[in-house]
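What follows is one structure encoded as structure tokens, with my remarks underneath.
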Amino acid sequence: MANQPQKRKISFSGIQASGDIHLGNYLGAIKNWVALQEQYSGVYSIVDMHAITVRQDPKSLRDNTLRAYALMIACGIDLNKSIFFIQSHVPAHAELAWALGCYTPFGELGRMTQFKDKSAKGEDNINAGLFTYPILMASDILLYDADVVPVGEDQKQHLELSRNIALRVNGIYGNVFKVPEAFIPKVGGRIMSLADPTKKMAKSDDNPKAAIALLDTKDVIMKKFKSAVTDSEAEIVYREGKDGINNLLTIYSIVTGKDIPAAEKEFSGMGYGVFKPAVGEAVADFLAPIQKRFDELYGDKAQLEQIYRENAQKAAEESGKTLRRVYDKIGFVPR
Ligand code: TYM
């Protein structure tokens with residue numbers, strides 16, 4: 001047994017393709033999807049089934065899903081190290097979600113702040129899927145026996161719920177699920193809107209200046225950074241109350257690989273009029289190779305199709321094993 005290769009641990013995560021994927025998604029999550037592939041086997045997904053909790057135009061959803069699929073590979077998902085699939089291609093997700101829903105108290109879902117925020121806004125279409133969404137997310141994670149789940153800070157509560165569901169099912173039936181850990185970066189876990197740095201950068205923001213899309217042109221990126229909201233002081237330091245500057249320093253620091261004190265030193269004594277375009281330049285330089293790779297991948301639809309089909313099959317194989325294990329524990333007659 002001593003020679004038996006150790007099974008690599010699993011990193012699982014997902015992203016919705018309901019709008020333009022932005023710098024917050026990248027710095028908070030995708031960057032770590034990529035980094036974790038060195039130590040873990042990755043399993044990553046474009047979660048189109050999550051996206052329909054909000055009404056989607058069918059053509060846009062299809063286009064956005066394929067664009068996101070190509071973009072994530074351009075960001076560095078390595079198909080030799082990770083399985084990368086489109087969620088609706090793998091039926092076990094919906095199947096496990098049904099089962100886990102029967103092990104999730106109503107009250108726990110009602111405490112989810114994302115649901116509370118959305119329903120409090122009084123939007124129309126507050127549907128049952130929006131409420132049960134965290135159960136589908138738990139299914140995504142638990143189907144692959146994930147050890148770590150790289151996400152931004154806003155998903156922390158959903159991760160806690162996934163852990164609770166796993167622990168509850170394990171408590172009833174014995175060891176069914178691996179209990180996953182969230183992996184949230186200390187720097188970059190919550191990138192803020194450029195238009196209002198007290199709010200997180202979000203795909204759903206109506207203000208076009210709020211978010212930097214990963215596929216924005218250099219021109220657009222520069223304009224957005226130049227108009228980024230800061231404060232009325234003139235000091236480039238990371239300090240409580242300086243939300244806009246803190247956010248720009250955080251972004252600059254991650255894309256250049258310099259730490260925040262080094263960035264503060266570099267811009268010491270300079271004005272915001274110099275600092276803001278410098279951050280824009282750094283971001284545009286950082287994104288340029290990703291954009292180039294995206295164009296190549298997205299330009300070859302036949303290849304893309306082959307990749308997502310193969311990967312759906314691999315994901316179905318892995319998740320099918322877990323689903324059978326769960327069904328067996330629950331007491332369903334084997335097929
Ligand atoms: P989504 O699509 O909203 O966001 C994708 C990832 O980006 C992170 N993120 C941010 N990080 C830092 N700063 C921000 N401003 C910012 N905005 C978003 C999110 O935390 C997320 O990691 N429910 C998930 C998708 C999902 C999932 C899963 C994630 C479905 N199943 C299983 C992990 C595991 C979501 O809507 O993410």
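Ordering of the structure tokens sets the chain letters (A, B, ...), residue numbers begin anew at 1 in every chain, and ligands are numbered from 1 in the order given.
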
Glu38 of chain A surroundings by only C-alpha atoms, 12 Å radius, close-in-sequence under 3 positions cut, as a PDB file with C-alpha atoms, in the first residue's frame:
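Contents of the output file around-v8.pdb:
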ATOM      1  CA  ARG A   8      -5.063  14.728  -4.604  1.00  0.00           C
ATOM      2  CA  LYS A   9      -7.358  16.920  -2.601  1.00  0.00           C
ATOM      3  CA  ILE A  10     -10.135  18.723  -4.450  1.00  0.00           C
ATOM      4  CA  SER A  11     -10.736  22.425  -5.004  1.00  0.00           C
ATOM      5  CA  ASN A  32      -7.303  31.252  -6.499  1.00  0.00           C
ATOM      6  CA  TRP A  33      -9.088  28.681  -8.656  1.00  0.00           C
ATOM      7  CA  VAL A  34      -5.991  28.878 -10.814  1.00  0.00           C
ATOM      8  CA  ALA A  35      -3.431  28.997  -7.988  1.00  0.00           C
ATOM      9  CA  SER A  41      -7.309  18.724  -8.427  1.00  0.00           C
ATOM     10  CA  GLY A  42      -9.630  21.464  -9.580  1.00  0.00           C
ATOM     11  CA  GLY A  76      -5.669  29.984 -16.424  1.00  0.00           C
ATOM     12  CA  ILE A  77      -7.877  26.969 -15.754  1.00  0.00           C
ATOM     13  CA  ASP A  78      -5.634  24.121 -16.836  1.00  0.00           C
ATOM     14  CA  ASN A  80      -4.944  18.830 -17.544  1.00  0.00           C
ATOM     15  CA  LYS A  81      -5.304  19.643 -13.870  1.00  0.00           C
ATOM     16  CA  SER A  82      -8.971  20.518 -13.569  1.00  0.00           C
TER      17      SER A  82
END

Item checked: Test item: residues at most 9 Å from Phe294 of chain A, only C-alpha atoms, excluding those fewer than 3 positions along its chain, as a count of residues only -> 14

Check: Which residues come within 6 Å of segment 303-316 of chain A, counting only C-alpha atoms, excluding same-chain residues fewer than 2 positions away, as a PyMOL selection string?
Finding: chain A and resi 83-85+89-90+300-301+318-320

Keeping C-alpha atoms for every residue in the selection just given, could you write it to a file as a PDB file, in the first residue's frame?
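That gives us again.pdb:
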ATOM      1  CA  ILE A  83     -12.381  19.382 -14.706  1.00  0.00           C
ATOM      2  CA  PHE A  84     -14.271  22.422 -15.982  1.00  0.00           C
ATOM      3  CA  PHE A  85     -17.914  22.016 -16.937  1.00  0.00           C
ATOM      4  CA  HIS A  89     -24.766  19.480 -18.467  1.00  0.00           C
ATOM      5  CA  VAL A  90     -24.400  17.410 -15.319  1.00  0.00           C
ATOM      6  CA  ASP A 300     -12.781  28.371 -32.201  1.00  0.00           C
ATOM      7  CA  LYS A 301     -16.296  27.275 -31.260  1.00  0.00           C
ATOM      8  CA  GLU A 318     -17.383  11.873 -10.553  1.00  0.00           C
ATOM      9  CA  SER A 319     -20.669  13.320  -9.356  1.00  0.00           C
ATOM     10  CA  GLY A 320     -22.583  10.153 -10.285  1.00  0.00           C
TER      11      GLY A 320
END

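Considering only C-alpha atoms and all ligand atoms, the residue among A:His50, A:Lys242, A:Lys218, A:Arg335 positioned nearest to ligand 1 is A:His50.
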
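Of the residues under consideration (A:Pro208, A:Gly331, A:Gly269, A:Gly14), A:Gly14 shows the shortest atom-to-atom contact distance to ligand 1 when counting only C-alpha atoms and all ligand atoms.
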
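The residue set within 10 Å of Ala211 of chain A, counting only C-alpha atoms and dropping same-chain residues fewer than 3 places from it, reads Asp20, Ile21, His22, Leu23, Gly24, Ile191, Met192, Ser193, Leu194, Ala195, Lys200, Met201, Ala202, Lys203, Ser204, Asp205, Asp206, Asn207, Pro208, Leu214, Asp216, Ile221, Lys224 and Phe225 of chain A.
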
For the residues in that selection, give me N, CA and C atoms as an mmCIF file, in the first residue's frame.
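The result, stored in part_13.cif:
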data_model
loop_
_atom_site.group_PDB
_atom_site.id
_atom_site.type_symbol
_atom_site.label_atom_id
_atom_site.label_comp_id
_atom_site.auth_asym_id
_atom_site.auth_seq_id
_atom_site.Cartn_x
_atom_site.Cartn_y
_atom_site.Cartn_z
ATOM 1 N N ASP A 20 -21.238 40.456 -17.262
ATOM 2 C CA ASP A 20 -19.806 40.483 -17.553
ATOM 3 C C ASP A 20 -19.012 40.092 -16.308
ATOM 4 N N ILE A 21 -18.125 39.149 -16.472
ATOM 5 C CA ILE A 21 -17.273 38.748 -15.352
ATOM 6 C C ILE A 21 -16.270 39.870 -15.085
ATOM 7 N N HIS A 22 -16.121 40.247 -13.826
ATOM 8 C CA HIS A 22 -15.380 41.480 -13.519
ATOM 9 C C HIS A 22 -14.138 41.220 -12.651
ATOM 10 N N LEU A 23 -13.436 42.302 -12.423
ATOM 11 C CA LEU A 23 -12.177 42.238 -11.673
ATOM 12 C C LEU A 23 -12.372 41.707 -10.254
ATOM 13 N N GLY A 24 -13.523 42.016 -9.631
ATOM 14 C CA GLY A 24 -13.817 41.485 -8.291
ATOM 15 C C GLY A 24 -13.896 39.967 -8.329
ATOM 16 N N ILE A 191 -13.670 43.172 -3.373
ATOM 17 C CA ILE A 191 -13.289 44.321 -4.198
ATOM 18 C C ILE A 191 -14.519 45.217 -4.307
ATOM 19 N N MET A 192 -14.294 46.515 -4.142
ATOM 20 C CA MET A 192 -15.425 47.436 -4.070
ATOM 21 C C MET A 192 -15.704 48.091 -5.427
ATOM 22 N N SER A 193 -16.921 48.631 -5.542
ATOM 23 C CA SER A 193 -17.332 49.348 -6.755
ATOM 24 C C SER A 193 -16.452 50.585 -6.935
ATOM 25 N N LEU A 194 -16.096 50.879 -8.182
ATOM 26 C CA LEU A 194 -15.293 52.091 -8.427
ATOM 27 C C LEU A 194 -16.174 53.340 -8.323
ATOM 28 N N ALA A 195 -17.476 53.158 -8.483
ATOM 29 C CA ALA A 195 -18.385 54.312 -8.451
ATOM 30 C C ALA A 195 -18.872 54.618 -7.035
ATOM 31 N N LYS A 200 -19.901 46.553 -2.782
ATOM 32 C CA LYS A 200 -18.981 45.641 -3.494
ATOM 33 C C LYS A 200 -19.162 45.778 -5.015
ATOM 34 N N MET A 201 -18.101 45.504 -5.730
ATOM 35 C CA MET A 201 -18.185 45.467 -7.200
ATOM 36 C C MET A 201 -19.110 44.304 -7.565
ATOM 37 N N ALA A 202 -20.119 44.568 -8.394
ATOM 38 C CA ALA A 202 -21.115 43.523 -8.677
ATOM 39 C C ALA A 202 -21.534 43.545 -10.138
ATOM 40 N N LYS A 203 -21.813 42.335 -10.663
ATOM 41 C CA LYS A 203 -22.265 42.214 -12.060
ATOM 42 C C LYS A 203 -23.585 42.937 -12.266
ATOM 43 N N SER A 204 -24.386 42.949 -11.197
ATOM 44 C CA SER A 204 -25.751 43.470 -11.338
ATOM 45 C C SER A 204 -25.829 44.992 -11.184
ATOM 46 N N ASP A 205 -24.697 45.667 -10.944
ATOM 47 C CA ASP A 205 -24.728 47.127 -10.729
ATOM 48 C C ASP A 205 -25.193 47.849 -12.000
ATOM 49 N N ASP A 206 -26.150 48.760 -11.831
ATOM 50 C CA ASP A 206 -26.657 49.500 -13.003
ATOM 51 C C ASP A 206 -25.666 50.550 -13.491
ATOM 52 N N ASN A 207 -24.809 51.018 -12.602
ATOM 53 C CA ASN A 207 -23.847 52.052 -12.980
ATOM 54 C C ASN A 207 -22.703 51.431 -13.795
ATOM 55 N N PRO A 208 -22.561 51.805 -15.062
ATOM 56 C CA PRO A 208 -21.534 51.161 -15.897
ATOM 57 C C PRO A 208 -20.104 51.456 -15.430
ATOM 58 N N LEU A 214 -13.554 41.944 -17.245
ATOM 59 C CA LEU A 214 -12.243 41.409 -17.649
ATOM 60 C C LEU A 214 -11.988 41.633 -19.137
ATOM 61 N N ASP A 216 -13.061 44.410 -20.806
ATOM 62 C CA ASP A 216 -13.074 45.839 -21.150
ATOM 63 C C ASP A 216 -11.811 46.214 -21.933
ATOM 64 N N ILE A 221 -11.125 50.869 -19.568
ATOM 65 C CA ILE A 221 -10.517 50.653 -18.249
ATOM 66 C C ILE A 221 -9.942 51.967 -17.718
ATOM 67 N N LYS A 224 -12.674 54.390 -16.619
ATOM 68 C CA LYS A 224 -13.329 53.992 -15.362
ATOM 69 C C LYS A 224 -12.420 54.290 -14.165
ATOM 70 N N PHE A 225 -11.127 54.000 -14.296
ATOM 71 C CA PHE A 225 -10.229 54.281 -13.165
ATOM 72 C C PHE A 225 -10.066 55.782 -12.944
#

Checklist line | strand (DSSP E or B) per DSSP on the backbone: members of segment 19-205 of chain A, as a PyMOL selection string | finding: chain A and resi 22+41-46+82-86+148-150+181-183+192+200

Produce a file of the selected residues containing all heavy atoms, as a short mmCIF file (atom, residue, chain, number, x, y, z; two decimals), in the first residue's frame.
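out.cif was written with the following content:
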data_model
loop_
_atom_site.label_atom_id
_atom_site.label_comp_id
_atom_site.auth_asym_id
_atom_site.auth_seq_id
_atom_site.Cartn_x
_atom_site.Cartn_y
_atom_site.Cartn_z
N HIS A 22 -16.12 40.25 -13.83
CA HIS A 22 -15.38 41.48 -13.52
C HIS A 22 -14.14 41.22 -12.65
O HIS A 22 -13.88 40.09 -12.22
CB HIS A 22 -16.32 42.51 -12.88
CG HIS A 22 -17.02 42.02 -11.63
ND1 HIS A 22 -16.36 41.73 -10.47
CD2 HIS A 22 -18.33 41.76 -11.40
CE1 HIS A 22 -17.22 41.34 -9.55
NE2 HIS A 22 -18.43 41.34 -10.09
N SER A 41 -6.60 18.93 -7.16
CA SER A 41 -7.31 18.72 -8.43
C SER A 41 -8.45 19.72 -8.44
O SER A 41 -9.23 19.77 -7.49
CB SER A 41 -7.91 17.33 -8.49
OG SER A 41 -6.90 16.38 -8.65
N GLY A 42 -8.56 20.48 -9.51
CA GLY A 42 -9.63 21.46 -9.58
C GLY A 42 -10.89 20.86 -10.19
O GLY A 42 -10.81 20.01 -11.07
N VAL A 43 -12.03 21.29 -9.70
CA VAL A 43 -13.31 21.02 -10.36
C VAL A 43 -14.04 22.35 -10.36
O VAL A 43 -14.35 22.90 -9.29
CB VAL A 43 -14.15 19.95 -9.62
CG1 VAL A 43 -15.42 19.64 -10.41
CG2 VAL A 43 -13.35 18.68 -9.38
N TYR A 44 -14.24 22.91 -11.55
CA TYR A 44 -14.80 24.26 -11.64
C TYR A 44 -15.96 24.28 -12.62
O TYR A 44 -16.02 23.48 -13.55
CB TYR A 44 -13.71 25.25 -12.06
CG TYR A 44 -12.54 25.29 -11.08
CD1 TYR A 44 -11.22 25.04 -11.50
CD2 TYR A 44 -12.75 25.57 -9.74
CE1 TYR A 44 -10.16 25.07 -10.60
CE2 TYR A 44 -11.69 25.58 -8.83
CZ TYR A 44 -10.41 25.35 -9.27
OH TYR A 44 -9.37 25.38 -8.37
N SER A 45 -16.87 25.22 -12.39
CA SER A 45 -18.11 25.18 -13.18
C SER A 45 -18.66 26.57 -13.50
O SER A 45 -18.56 27.48 -12.68
CB SER A 45 -19.16 24.40 -12.38
OG SER A 45 -20.35 24.28 -13.11
N ILE A 46 -19.25 26.67 -14.69
CA ILE A 46 -20.09 27.84 -15.00
C ILE A 46 -21.49 27.44 -14.56
O ILE A 46 -22.08 26.51 -15.13
CB ILE A 46 -20.07 28.15 -16.52
CG1 ILE A 46 -18.64 28.37 -17.03
CG2 ILE A 46 -20.96 29.37 -16.82
CD1 ILE A 46 -17.93 29.56 -16.46
N SER A 82 -7.63 20.25 -14.08
CA SER A 82 -8.97 20.52 -13.57
C SER A 82 -10.04 19.98 -14.51
O SER A 82 -9.84 19.91 -15.72
CB SER A 82 -9.19 22.03 -13.43
OG SER A 82 -8.34 22.57 -12.46
N ILE A 83 -11.17 19.65 -13.91
CA ILE A 83 -12.38 19.38 -14.71
C ILE A 83 -13.14 20.70 -14.72
O ILE A 83 -13.30 21.34 -13.67
CB ILE A 83 -13.24 18.29 -14.05
CG1 ILE A 83 -12.47 16.98 -13.93
CG2 ILE A 83 -14.54 18.08 -14.83
CD1 ILE A 83 -13.22 15.87 -13.18
N PHE A 84 -13.59 21.12 -15.89
CA PHE A 84 -14.27 22.42 -15.98
C PHE A 84 -15.51 22.26 -16.84
O PHE A 84 -15.40 21.99 -18.04
CB PHE A 84 -13.29 23.44 -16.58
CG PHE A 84 -13.88 24.80 -16.75
CD1 PHE A 84 -14.68 25.37 -15.77
CD2 PHE A 84 -13.65 25.54 -17.91
CE1 PHE A 84 -15.23 26.63 -15.94
CE2 PHE A 84 -14.18 26.81 -18.08
CZ PHE A 84 -14.99 27.35 -17.09
N PHE A 85 -16.67 22.40 -16.24
CA PHE A 85 -17.91 22.02 -16.94
C PHE A 85 -19.01 23.06 -16.77
O PHE A 85 -18.92 23.96 -15.93
CB PHE A 85 -18.40 20.65 -16.41
CG PHE A 85 -18.80 20.69 -14.95
CD1 PHE A 85 -20.13 20.81 -14.58
CD2 PHE A 85 -17.84 20.60 -13.96
CE1 PHE A 85 -20.50 20.86 -13.24
CE2 PHE A 85 -18.20 20.65 -12.61
CZ PHE A 85 -19.53 20.78 -12.26
N ILE A 86 -20.03 22.89 -17.59
CA ILE A 86 -21.22 23.74 -17.51
C ILE A 86 -22.25 22.99 -16.65
O ILE A 86 -22.57 21.83 -16.94
CB ILE A 86 -21.75 24.03 -18.94
CG1 ILE A 86 -20.68 24.81 -19.72
CG2 ILE A 86 -23.08 24.79 -18.88
CD1 ILE A 86 -20.98 25.00 -21.21
N VAL A 148 -11.50 22.24 -0.47
CA VAL A 148 -11.51 23.70 -0.36
C VAL A 148 -12.39 24.32 -1.44
O VAL A 148 -12.54 23.76 -2.54
CB VAL A 148 -10.11 24.35 -0.52
CG1 VAL A 148 -9.25 24.14 0.69
CG2 VAL A 148 -9.43 23.94 -1.79
N VAL A 149 -12.93 25.48 -1.11
CA VAL A 149 -13.80 26.18 -2.04
C VAL A 149 -13.34 27.64 -2.13
O VAL A 149 -13.62 28.45 -1.23
CB VAL A 149 -15.27 26.11 -1.56
CG1 VAL A 149 -16.19 26.78 -2.57
CG2 VAL A 149 -15.70 24.68 -1.32
N PRO A 150 -12.56 27.98 -3.18
CA PRO A 150 -12.09 29.36 -3.31
C PRO A 150 -13.22 30.29 -3.74
O PRO A 150 -13.76 30.15 -4.85
CB PRO A 150 -10.99 29.26 -4.38
CG PRO A 150 -11.27 28.01 -5.14
CD PRO A 150 -11.99 27.08 -4.21
N GLU A 181 -13.98 23.40 3.30
CA GLU A 181 -13.53 24.66 3.92
C GLU A 181 -13.57 25.76 2.87
O GLU A 181 -13.14 25.55 1.73
CB GLU A 181 -12.05 24.56 4.35
CG GLU A 181 -11.73 23.47 5.35
CD GLU A 181 -12.04 23.90 6.77
OE1 GLU A 181 -12.24 25.11 6.98
OE2 GLU A 181 -12.11 23.00 7.63
N ALA A 182 -14.00 26.94 3.28
CA ALA A 182 -13.93 28.10 2.36
C ALA A 182 -12.49 28.56 2.26
O ALA A 182 -11.73 28.44 3.22
CB ALA A 182 -14.79 29.23 2.90
N PHE A 183 -12.11 29.05 1.09
CA PHE A 183 -10.78 29.64 0.91
C PHE A 183 -11.01 31.08 0.43
O PHE A 183 -11.35 31.31 -0.73
CB PHE A 183 -10.00 28.83 -0.13
CG PHE A 183 -8.58 29.28 -0.32
CD1 PHE A 183 -7.52 28.61 0.29
CD2 PHE A 183 -8.29 30.39 -1.13
CE1 PHE A 183 -6.21 29.04 0.10
CE2 PHE A 183 -6.97 30.81 -1.31
CZ PHE A 183 -5.94 30.14 -0.70
N MET A 192 -14.29 46.51 -4.14
CA MET A 192 -15.43 47.44 -4.07
C MET A 192 -15.70 48.09 -5.43
O MET A 192 -14.84 48.13 -6.31
CB MET A 192 -15.15 48.51 -3.02
CG MET A 192 -14.74 47.96 -1.65
SD MET A 192 -15.81 46.66 -1.01
CE MET A 192 -17.10 47.66 -0.29
N LYS A 200 -19.90 46.55 -2.78
CA LYS A 200 -18.98 45.64 -3.49
C LYS A 200 -19.16 45.78 -5.01
O LYS A 200 -20.24 46.15 -5.49
CB LYS A 200 -19.18 44.19 -3.04
CG LYS A 200 -20.46 43.58 -3.51
CD LYS A 200 -20.48 42.07 -3.29
CE LYS A 200 -21.79 41.57 -3.91
NZ LYS A 200 -22.11 40.22 -3.77
#

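With distances taken over only C-alpha atoms and all ligand atoms, A:Glu153 is the one residue among A:Glu108, A:Asp285, A:Glu123, A:Glu153 lying closest to ligand 1.
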
Note to self: Quick check for you: according to DSSP on this backbone, which residues of segment 13-106 of chain A are classed as helix (DSSP H, G or I)? Reply as a ChimeraX atom specification.
What the structure shows: /A:23-36,48-51,58-75,87-89,92-101,106

Item checked: Spatial neighbours of Asp243 of chain A, max dist 9 Å, only C-alpha atoms, sep filter under 5 positions, as a PyMOL selection string -> chain A and resi 192+196-198+230-231+238+248

Checklist line | Which of A:Gln155, A:Ser253, A:Asn64, A:Asn170 sits closest to ligand 1 [using only C-alpha atoms and all ligand atoms] | finding: A:Gln155

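Atom CA of Gly19 of chain A sits 11.3 Å away from atom CA of Asp57 of chain A.
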
Residues within 10 Å of Ala138 of chain A, only C-alpha atoms, excluding chain neighbours under 3 positions, as a tab-separated table (two decimals) with N, CA and C atoms, in the first residue's frame:
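What ended up in selection-v3.tsv:
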chain	number	residue	atom	x	y	z
A	93	HIS	N	-26.40	17.46	-10.25
A	93	HIS	CA	-26.53	18.68	-9.43
A	93	HIS	C	-27.98	18.92	-9.02
A	96	LEU	N	-29.15	15.96	-6.61
A	96	LEU	CA	-28.72	16.05	-5.21
A	96	LEU	C	-29.40	17.24	-4.53
A	97	ALA	N	-29.60	18.31	-5.28
A	97	ALA	CA	-30.24	19.49	-4.68
A	97	ALA	C	-31.63	19.13	-4.15
A	100	LEU	N	-31.03	17.18	-0.87
A	100	LEU	CA	-30.52	18.00	0.24
A	100	LEU	C	-31.55	19.00	0.73
A	101	GLY	N	-32.45	19.39	-0.16
A	101	GLY	CA	-33.52	20.30	0.26
A	101	GLY	C	-34.36	19.69	1.37
A	133	TYR	N	-31.56	28.44	-3.67
A	133	TYR	CA	-30.27	28.55	-4.36
A	133	TYR	C	-29.08	28.01	-3.55
A	134	PRO	N	-28.98	28.33	-2.23
A	134	PRO	CA	-27.81	27.81	-1.49
A	134	PRO	C	-27.78	26.29	-1.39
A	135	ILE	N	-28.94	25.64	-1.56
A	135	ILE	CA	-28.95	24.16	-1.53
A	135	ILE	C	-28.30	23.62	-2.80
A	141	ILE	N	-20.86	21.60	-4.47
A	141	ILE	CA	-19.61	21.40	-3.71
A	141	ILE	C	-19.49	19.96	-3.21
A	142	LEU	N	-20.59	19.46	-2.63
A	142	LEU	CA	-20.53	18.16	-1.94
A	142	LEU	C	-20.43	16.99	-2.94
A	143	LEU	N	-20.91	17.19	-4.16
A	143	LEU	CA	-20.85	16.13	-5.17
A	143	LEU	C	-19.42	15.73	-5.51
A	158	HIS	N	-22.99	31.26	2.49
A	158	HIS	CA	-23.46	30.10	1.74
A	158	HIS	C	-22.57	28.88	2.01
A	159	LEU	N	-21.29	29.14	2.16
A	159	LEU	CA	-20.36	28.05	2.45
A	159	LEU	C	-20.64	27.45	3.82
A	160	GLU	N	-20.94	28.31	4.79
A	160	GLU	CA	-21.29	27.85	6.13
A	160	GLU	C	-22.52	26.94	6.06
A	161	LEU	N	-23.49	27.35	5.24
A	161	LEU	CA	-24.71	26.55	5.09
A	161	LEU	C	-24.38	25.19	4.47
A	162	SER	N	-23.50	25.20	3.47
A	162	SER	CA	-23.09	23.92	2.84
A	162	SER	C	-22.47	22.99	3.87
A	163	ARG	N	-21.64	23.57	4.71
A	163	ARG	CA	-21.00	22.76	5.77
A	163	ARG	C	-22.06	22.21	6.73
A	164	ASN	N	-23.01	23.04	7.09
A	164	ASN	CA	-24.06	22.59	8.02
A	164	ASN	C	-24.88	21.45	7.43
A	165	ILE	N	-25.18	21.58	6.13
A	165	ILE	CA	-25.96	20.51	5.48
A	165	ILE	C	-25.15	19.21	5.51
A	166	ALA	N	-23.86	19.32	5.15
A	166	ALA	CA	-23.00	18.13	5.13
A	166	ALA	C	-22.94	17.49	6.52
A	180	PRO	N	-16.47	20.71	3.51
A	180	PRO	CA	-15.51	21.61	2.82
A	180	PRO	C	-15.14	22.86	3.62

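Computed from the coordinates, the atom 25 (C, counted along the ligand's line) of ligand 1 to atom CA of Gln16 of chain A distance equals 5.6 Å.
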